[in-house]
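Q: run-v2.cif is the file, holding mmCIF, C-alpha atoms; chains and numbers go by the auth columns:
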```cif
data_protein
#
loop_
_atom_site.group_PDB
_atom_site.id
_atom_site.type_symbol
_atom_site.label_atom_id
_atom_site.label_comp_id
_atom_site.label_asym_id
_atom_site.label_seq_id
_atom_site.Cartn_x
_atom_site.Cartn_y
_atom_site.Cartn_z
_atom_site.B_iso_or_equiv
_atom_site.auth_seq_id
_atom_site.auth_asym_id
ATOM 1 C CA MET A 1 -8.686 -5.145 -33.565 0.00 55 K
ATOM 2 C CA LEU A 2 -6.447 -2.576 -31.949 0.00 56 K
ATOM 3 C CA LYS A 3 -6.364 -2.300 -28.202 0.00 57 K
ATOM 4 C CA LYS A 4 -6.090 1.027 -26.455 0.00 58 K
ATOM 5 C CA ARG A 5 -3.145 1.355 -24.130 0.00 59 K
ATOM 6 C CA PHE A 6 -3.785 2.532 -20.605 0.00 60 K
ATOM 7 C CA SER A 7 -2.509 6.076 -20.168 0.00 61 K
ATOM 8 C CA PHE A 8 -1.812 7.740 -16.857 0.00 62 K
ATOM 9 C CA GLU A 9 -1.620 11.164 -18.486 0.00 63 K
ATOM 10 C CA LYS A 10 -5.345 11.792 -18.345 0.00 64 K
ATOM 11 C CA TYR A 11 -5.360 11.443 -14.536 0.00 65 K
ATOM 12 C CA PHE A 12 -2.826 14.218 -13.934 0.00 66 K
ATOM 13 C CA PRO A 13 -2.533 17.909 -14.755 0.00 67 K
ATOM 14 C CA PRO A 14 -1.591 18.630 -18.376 0.00 68 K
ATOM 15 C CA GLY A 15 2.170 18.573 -18.879 0.00 69 K
ATOM 16 C CA TYR A 16 2.822 17.132 -15.441 0.00 70 K
ATOM 17 C CA GLU A 17 5.672 14.655 -15.250 0.00 71 K
ATOM 18 C CA TYR A 18 3.927 11.883 -13.358 0.00 72 K
ATOM 19 C CA SER A 19 6.744 9.324 -13.661 0.00 73 K
ATOM 20 C CA LYS A 20 8.582 10.736 -10.618 0.00 74 K
ATOM 21 C CA GLU A 21 5.427 10.495 -8.544 0.00 75 K
ATOM 22 C CA ARG A 22 4.777 6.952 -9.775 0.00 76 K
ATOM 23 C CA ASN A 23 8.357 5.896 -8.984 0.00 77 K
ATOM 24 C CA THR A 24 8.267 7.423 -5.506 0.00 78 K
ATOM 25 C CA ALA A 25 4.937 5.786 -4.732 0.00 79 K
ATOM 26 C CA GLY A 26 6.271 2.472 -6.040 0.00 80 K
ATOM 27 C CA PHE A 27 9.380 2.806 -3.892 0.00 81 K
ATOM 28 C CA LEU A 28 7.348 3.569 -0.758 0.00 82 K
ATOM 29 C CA LEU A 29 5.004 0.657 -1.461 0.00 83 K
ATOM 30 C CA GLY A 30 7.924 -1.702 -2.078 0.00 84 K
ATOM 31 C CA PHE A 31 9.765 -0.488 1.004 0.00 85 K
ATOM 32 C CA GLY A 32 6.689 -1.090 3.163 0.00 86 K
ATOM 33 C CA ALA A 33 6.172 -4.547 1.629 0.00 87 K
ATOM 34 C CA VAL A 34 9.801 -5.558 2.210 0.00 88 K
ATOM 35 C CA MET A 35 9.698 -4.286 5.788 0.00 89 K
ATOM 36 C CA SER A 36 6.429 -6.141 6.371 0.00 90 K
ATOM 37 C CA LEU A 37 8.234 -9.427 5.731 0.00 91 K
ATOM 38 C CA HIS A 38 9.089 -9.151 9.431 0.00 92 K
ATOM 39 C CA PHE A 39 5.701 -10.820 9.838 0.00 93 K
ATOM 40 C CA PHE A 40 7.257 -14.174 8.930 0.00 94 K
ATOM 41 C CA LYS A 41 9.763 -13.865 11.768 0.00 95 K
ATOM 42 C CA ASN A 42 6.881 -13.219 14.178 0.00 96 K
ATOM 43 C CA LEU A 43 4.905 -16.109 12.692 0.00 97 K
ATOM 44 C CA LEU A 44 7.747 -18.609 12.978 0.00 98 K
ATOM 45 C CA HIS A 45 8.472 -17.474 16.530 0.00 99 K
ATOM 46 C CA ALA A 46 4.784 -17.873 17.464 0.00 100 K
ATOM 47 C CA ALA A 47 4.654 -21.313 15.835 0.00 101 K
ATOM 48 C CA ASP A 48 7.830 -22.410 17.620 0.00 102 K
ATOM 49 C CA ARG A 49 6.279 -21.524 20.987 0.00 103 K
ATOM 50 C CA LEU A 50 3.537 -24.088 20.329 0.00 104 K
ATOM 51 C CA TYR A 51 5.969 -26.986 20.428 0.00 105 K
ATOM 52 C CA ASP A 52 8.211 -28.716 22.960 0.00 106 K
ATOM 53 C CA HIS A 53 11.398 -30.439 21.902 0.00 107 K
ATOM 54 C CA VAL A 54 11.484 -33.992 23.259 0.00 108 K
ATOM 55 C CA GLN A 55 14.304 -36.278 22.208 0.00 109 K
ATOM 56 C CA TRP A 56 15.105 -34.433 19.002 0.00 110 K
ATOM 57 C CA ARG A 57 11.450 -34.232 17.942 0.00 111 K
ATOM 58 C CA ARG A 58 8.942 -31.447 18.048 0.00 112 K
ATOM 59 C CA VAL A 59 5.857 -32.327 20.040 0.00 113 K
ATOM 60 C CA LEU A 60 2.799 -30.093 20.156 0.00 114 K
ATOM 61 C CA ARG A 61 2.103 -28.780 23.640 0.00 115 K
ATOM 62 C CA ALA A 62 -1.210 -29.736 25.170 0.00 116 K
ATOM 63 C CA GLY A 63 -3.616 -26.797 25.196 0.00 117 K
ATOM 64 C CA ALA A 64 -1.251 -24.510 23.303 0.00 118 K
ATOM 65 C CA VAL A 65 -2.982 -21.603 21.583 0.00 119 K
ATOM 66 C CA ALA A 66 -1.357 -19.438 18.924 0.00 120 K
ATOM 67 C CA PRO A 67 -1.681 -15.672 19.017 0.00 121 K
ATOM 68 C CA PRO A 68 -4.418 -14.374 16.721 0.00 122 K
ATOM 69 C CA PHE A 69 -3.472 -13.265 13.215 0.00 123 K
ATOM 70 C CA ARG A 70 -4.506 -9.710 13.975 0.00 124 K
ATOM 71 C CA GLN A 71 -1.949 -9.533 16.780 0.00 125 K
ATOM 72 C CA LEU A 72 0.862 -10.682 14.477 0.00 126 K
ATOM 73 C CA VAL A 73 0.125 -8.043 11.816 0.00 127 K
ATOM 74 C CA GLU A 74 -1.063 -5.132 13.941 0.00 128 K
ATOM 75 C CA ASP A 75 2.097 -3.038 13.514 0.00 129 K
ATOM 76 C CA GLN A 76 2.498 -3.830 9.816 0.00 130 K
ATOM 77 C CA TRP A 77 -0.043 -1.182 8.729 0.00 131 K
ATOM 78 C CA MET A 78 2.198 1.576 10.092 0.00 132 K
ATOM 79 C CA LEU A 79 4.739 0.846 7.359 0.00 133 K
ATOM 80 C CA TYR A 80 2.383 2.201 4.692 0.00 134 K
ATOM 81 C CA ILE A 81 1.555 5.511 6.361 0.00 135 K
ATOM 82 C CA PRO A 82 4.360 7.335 4.484 0.00 136 K
ATOM 83 C CA LEU A 83 2.949 6.087 1.170 0.00 137 K
ATOM 84 C CA PHE A 84 -0.570 7.339 1.846 0.00 138 K
ATOM 85 C CA LEU A 85 0.688 10.639 3.309 0.00 139 K
ATOM 86 C CA PHE A 86 2.837 11.142 0.212 0.00 140 K
ATOM 87 C CA LEU A 87 -0.118 10.498 -2.083 0.00 141 K
ATOM 88 C CA ALA A 88 -2.359 12.826 -0.073 0.00 142 K
ATOM 89 C CA SER A 89 0.265 15.566 -0.248 0.00 143 K
ATOM 90 C CA MET A 90 0.532 15.057 -4.006 0.00 144 K
ATOM 91 C CA MET A 91 -3.097 16.136 -4.345 0.00 145 K
ATOM 92 C CA LEU A 92 -2.137 19.504 -2.892 0.00 146 K
ATOM 93 C CA TYR A 93 1.025 19.613 -4.984 0.00 147 K
ATOM 94 C CA HIS A 94 -1.018 19.118 -8.154 0.00 148 K
ATOM 95 C CA TYR A 95 -3.169 22.081 -7.211 0.00 149 K
ATOM 96 C CA PHE A 96 -0.114 24.269 -6.542 0.00 150 K
ATOM 97 C CA TYR A 97 1.370 23.014 -9.810 0.00 151 K
ATOM 98 C CA TYR A 98 -1.208 25.163 -11.604 0.00 152 K
ATOM 99 C CA PHE A 99 -0.125 28.229 -9.608 0.00 153 K
ATOM 100 C CA HIS A 100 3.649 28.037 -9.781 0.00 154 K
ATOM 101 C CA THR A 101 4.767 25.819 -12.640 0.00 155 K
ATOM 102 C CA THR A 102 2.252 26.386 -15.408 0.00 156 K
ATOM 103 C CA LYS A 103 0.627 29.543 -14.011 0.00 157 K
ATOM 104 C CA SER A 104 -2.629 28.393 -15.560 0.00 158 K
ATOM 105 C CA ILE A 105 -4.892 28.354 -12.521 0.00 159 K
ATOM 106 C CA TYR A 106 -7.024 31.172 -13.924 0.00 160 K
ATOM 107 C CA LEU A 107 -7.454 29.347 -17.214 0.00 161 K
ATOM 108 C CA MET A 108 -8.459 26.180 -15.387 0.00 162 K
ATOM 109 C CA ARG A 109 -11.009 28.083 -13.337 0.00 163 K
ATOM 110 C CA ARG A 110 -12.599 29.549 -16.477 0.00 164 K
ATOM 111 C CA LEU A 111 -13.242 26.178 -18.109 0.00 165 K
ATOM 112 C CA PRO A 112 -16.933 25.357 -18.692 0.00 166 K
ATOM 113 C CA LYS A 113 -16.632 22.227 -16.568 0.00 167 K
ATOM 114 C CA ARG A 114 -15.279 23.310 -13.211 0.00 168 K
ATOM 115 C CA SER A 115 -14.682 19.717 -12.189 0.00 169 K
ATOM 116 C CA VAL A 116 -11.698 19.385 -14.559 0.00 170 K
ATOM 117 C CA LEU A 117 -9.423 21.198 -12.100 0.00 171 K
ATOM 118 C CA PHE A 118 -10.521 19.065 -9.165 0.00 172 K
ATOM 119 C CA LYS A 119 -10.288 15.822 -11.137 0.00 173 K
ATOM 120 C CA SER A 120 -6.818 16.537 -12.450 0.00 174 K
ATOM 121 C CA CYS A 121 -5.583 17.210 -8.921 0.00 175 K
ATOM 122 C CA VAL A 122 -7.208 14.215 -7.249 0.00 176 K
ATOM 123 C CA GLN A 123 -7.616 11.364 -9.749 0.00 177 K
ATOM 124 C CA GLY A 124 -3.962 10.314 -10.078 0.00 178 K
ATOM 125 C CA PRO A 125 -3.206 10.006 -6.360 0.00 179 K
ATOM 126 C CA LEU A 126 -6.568 8.301 -5.762 0.00 180 K
ATOM 127 C CA LEU A 127 -5.747 5.817 -8.511 0.00 181 K
ATOM 128 C CA TYR A 128 -2.427 5.047 -6.828 0.00 182 K
ATOM 129 C CA MET A 129 -4.113 4.801 -3.421 0.00 183 K
ATOM 130 C CA GLY A 130 -6.664 2.332 -4.751 0.00 184 K
ATOM 131 C CA ALA A 131 -4.020 0.224 -6.480 0.00 185 K
ATOM 132 C CA SER A 132 -1.869 0.267 -3.338 0.00 186 K
ATOM 133 C CA ALA A 133 -4.802 -0.737 -1.152 0.00 187 K
ATOM 134 C CA ALA A 134 -5.610 -3.610 -3.526 0.00 188 K
ATOM 135 C CA LEU A 135 -1.997 -4.803 -3.470 0.00 189 K
ATOM 136 C CA LEU A 136 -1.938 -4.564 0.315 0.00 190 K
ATOM 137 C CA GLY A 137 -5.120 -6.610 0.458 0.00 191 K
ATOM 138 C CA VAL A 138 -3.513 -9.327 -1.669 0.00 192 K
ATOM 139 C CA LEU A 139 -0.362 -9.184 0.473 0.00 193 K
ATOM 140 C CA TYR A 140 -2.283 -9.598 3.708 0.00 194 K
ATOM 141 C CA LEU A 141 -4.438 -12.371 2.281 0.00 195 K
ATOM 142 C CA SER A 142 -1.234 -14.215 1.424 0.00 196 K
ATOM 143 C CA TYR A 143 0.024 -13.548 4.970 0.00 197 K
ATOM 144 C CA TYR A 144 -3.199 -14.989 6.341 0.00 198 K
ATOM 145 C CA GLY A 145 -2.779 -18.041 4.113 0.00 199 K
ATOM 146 C CA ALA A 146 0.745 -18.518 5.467 0.00 200 K
ATOM 147 C CA TYR A 147 -0.614 -18.142 9.006 0.00 201 K
ATOM 148 C CA ARG A 148 -3.211 -20.858 8.390 0.00 202 K
ATOM 149 C CA LEU A 149 -0.574 -23.152 6.863 0.00 203 K
ATOM 150 C CA VAL A 150 1.986 -22.769 9.653 0.00 204 K
ATOM 151 C CA ILE A 151 -0.284 -22.821 12.710 0.00 205 K
ATOM 152 C CA PRO A 152 -1.901 -26.223 13.402 0.00 206 K
ATOM 153 C CA ALA A 153 -5.704 -26.200 13.295 0.00 207 K
ATOM 154 C CA GLU A 154 -6.068 -27.286 16.927 0.00 208 K
ATOM 155 C CA CYS A 155 -3.994 -24.304 18.064 0.00 209 K
ATOM 156 C CA LEU A 156 -5.957 -21.607 16.282 0.00 210 K
ATOM 157 C CA PRO A 157 -7.628 -19.113 18.620 0.00 211 K
#
```
Translate this file's structure into structure tokens.
A:
Amino acid sequence: MLKKRFSFEKYFPPGYEYSKERNTAGFLLGFGAVMSLHFFKNLLHAADRLYDHVQWRRVLRAGAVAPPFRQLVEDQWMLYIPLFLFLASMMLYHYFYYFHTTKSIYLMRRLPKRSVLFKSCVQGPLLYMGASAALLGVLYLSYYGAYRLVIPAECLP
């Protein structure tokens, strides 16, 4: 049985070269993910503050409480703002693509289904936004797992 390959072409305007958009979105997502690795520095610094060093050993301080996970990752979301702004601006660019590049806006408006124009402008960036949000969810779940592994249970807030 033959399997159908997933095609991005149907989510973009006809003739649109979506590979540049995909590569830029991938770069912005990767850049944000690499910059968010700063979380581990914050985590190790927070974990180190829970301990005292006594005779070459680490001893857990009495009553020490780690900062909450939310506090350690609160600035990490800012790293992905350029990605989502880029994808939102691409929706407008797709619409203007019909005006300037293909000059087919009038043809698109005369189609029996008027939703084709709207879908071709919005579906691709929304697909990338959804995939990016899912990847960010997985990334932050892994960060939370690392937080739970590094911080002792008696020090959790």
Q: Which value, in Å to one decimal, gives the distance between CA of Leu126 in chain K and CA of Phe94 in chain K?
A: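 These atoms are spaced 9.2 Å apart.
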Q: Using all atoms listed in the file, which of the listed residues (K:Arg115, K:His99, K:Arg76, K:His148) sits closest to Val176 in chain K?
A: K:His148
Q: Please compute the CA of Val170 in chain K-CA of Ser158 in chain K distance, one decimal, in Å.
A: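 Distance reported for this atom pair: 12.8 Å.
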Q: Pick from K:Ala187, K:Cys209, K:Leu146, K:Leu193: nearest to Pro67 in chain K, with all atoms listed in the file counted?
A: K:Leu146
Q: Which of these residues is nearest to Gln177 in chain K, using all atoms listed in the file: K:Lys64, K:Lys58, K:Arg202, K:Arg164?
A: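 Going through K:Lys64, K:Lys58, K:Arg202, K:Arg164 one by one, the smallest distance to Gln177 in chain K is for K:Lys64.
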Q: Using only C-alpha atoms, which residues sit within 7 Å of Leu104 in chain K once same-chain residues fewer than 6 positions away are excluded, as a list in words?
A: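 So, after excluding close chain neighbours, the residues are Leu114, Arg115, Ala118 and Ala120 of chain K.
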Q: Hey, which of K:Ile135, K:Leu83, K:Leu98, K:Met144 ends up closest to Phe66 in chain K? Count all atoms listed in the file.
A: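 Closest candidate: K:Met144.
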Q: Using only C-alpha atoms, which residue out of K:Val127, K:Met89, K:Leu165, K:Ala79 lies closest to Met183 in chain K?
A: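 Nearest to Met183 in chain K: K:Ala79.
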Q: Please evaluate the PyMOL selection byres ((chain K and resi 96) around 12) against the structure above and give the resulting residues as a list of chain:residue names.
A: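 For this structure, the PyMOL selection byres ((chain K and resi 96) around 12) captures K:Ser90, K:Leu91, K:His92, K:Phe93, K:Phe94, K:Lys95, K:Leu97, K:Leu98, K:His99, K:Ala100, K:Ala101, K:Asp102, K:Arg103, K:Ala120, K:Pro121, K:Pro122, K:Phe123, K:Arg124, K:Gln125, K:Leu126, K:Val127, K:Glu128, K:Asp129, K:Gln130, K:Tyr197, K:Ala200, K:Tyr201, K:Val204.
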Q: CA of Lys167 in chain K and CA of Tyr72 in chain K, how far apart in Å?
A: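 Answer for the CA of Tyr72 in chain K to CA of Lys167 in chain K separation: 23.2 Å.
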Q: Set up a box along x, y and z of the file covering all listed atoms of range 125-141 of chain K, add 4 Å on every one of the six sides, and write the centre and edge lengths in Å to one decimal, as lines of an AutoDock Vina configuration file.
A:
```
center_x = 1.4
center_y = 0.2
center_z = 7.3
size_x = 14.7
size_y = 29.8
size_z = 26.9
```
Q: Go through the shown structure with the PyMOL selection byres ((chain K and resi 175) around 6) and write out the matching residues as a list in words.
A: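 Against this file, the PyMOL selection byres ((chain K and resi 175) around 6) returns the residues Met145, His148, Tyr149, Phe172, Lys173, Ser174 and Val176 of chain K.
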Q: Show which residues sit within 12 Å of Thr78 in chain K, as a PyMOL selection string. Count only C-alpha atoms, and ignore same-chain residues fewer than 2 positions away.
A: chain K and resi 72-76+80-85+136-138+140-141+144+179+182
Q: Residues as selected, C-alpha atoms, written as a compact mmCIF listing (two decimals), in the frame of the given file, can you do that?
A:
```
# COMPACT_ATOMS: atom_id res chain seq x y z
CA TYR K 72 3.93 11.88 -13.36
CA SER K 73 6.74 9.32 -13.66
CA LYS K 74 8.58 10.74 -10.62
CA GLU K 75 5.43 10.50 -8.54
CA ARG K 76 4.78 6.95 -9.78
CA GLY K 80 6.27 2.47 -6.04
CA PHE K 81 9.38 2.81 -3.89
CA LEU K 82 7.35 3.57 -0.76
CA LEU K 83 5.00 0.66 -1.46
CA GLY K 84 7.92 -1.70 -2.08
CA PHE K 85 9.76 -0.49 1.00
CA PRO K 136 4.36 7.34 4.48
CA LEU K 137 2.95 6.09 1.17
CA PHE K 138 -0.57 7.34 1.85
CA PHE K 140 2.84 11.14 0.21
CA LEU K 141 -0.12 10.50 -2.08
CA MET K 144 0.53 15.06 -4.01
CA PRO K 179 -3.21 10.01 -6.36
CA TYR K 182 -2.43 5.05 -6.83
```
Q: Closest to Tyr70 in chain K among K:Tyr151, K:Val192, K:Leu210, K:Leu171, using all atoms listed in the file?
A: K:Tyr151
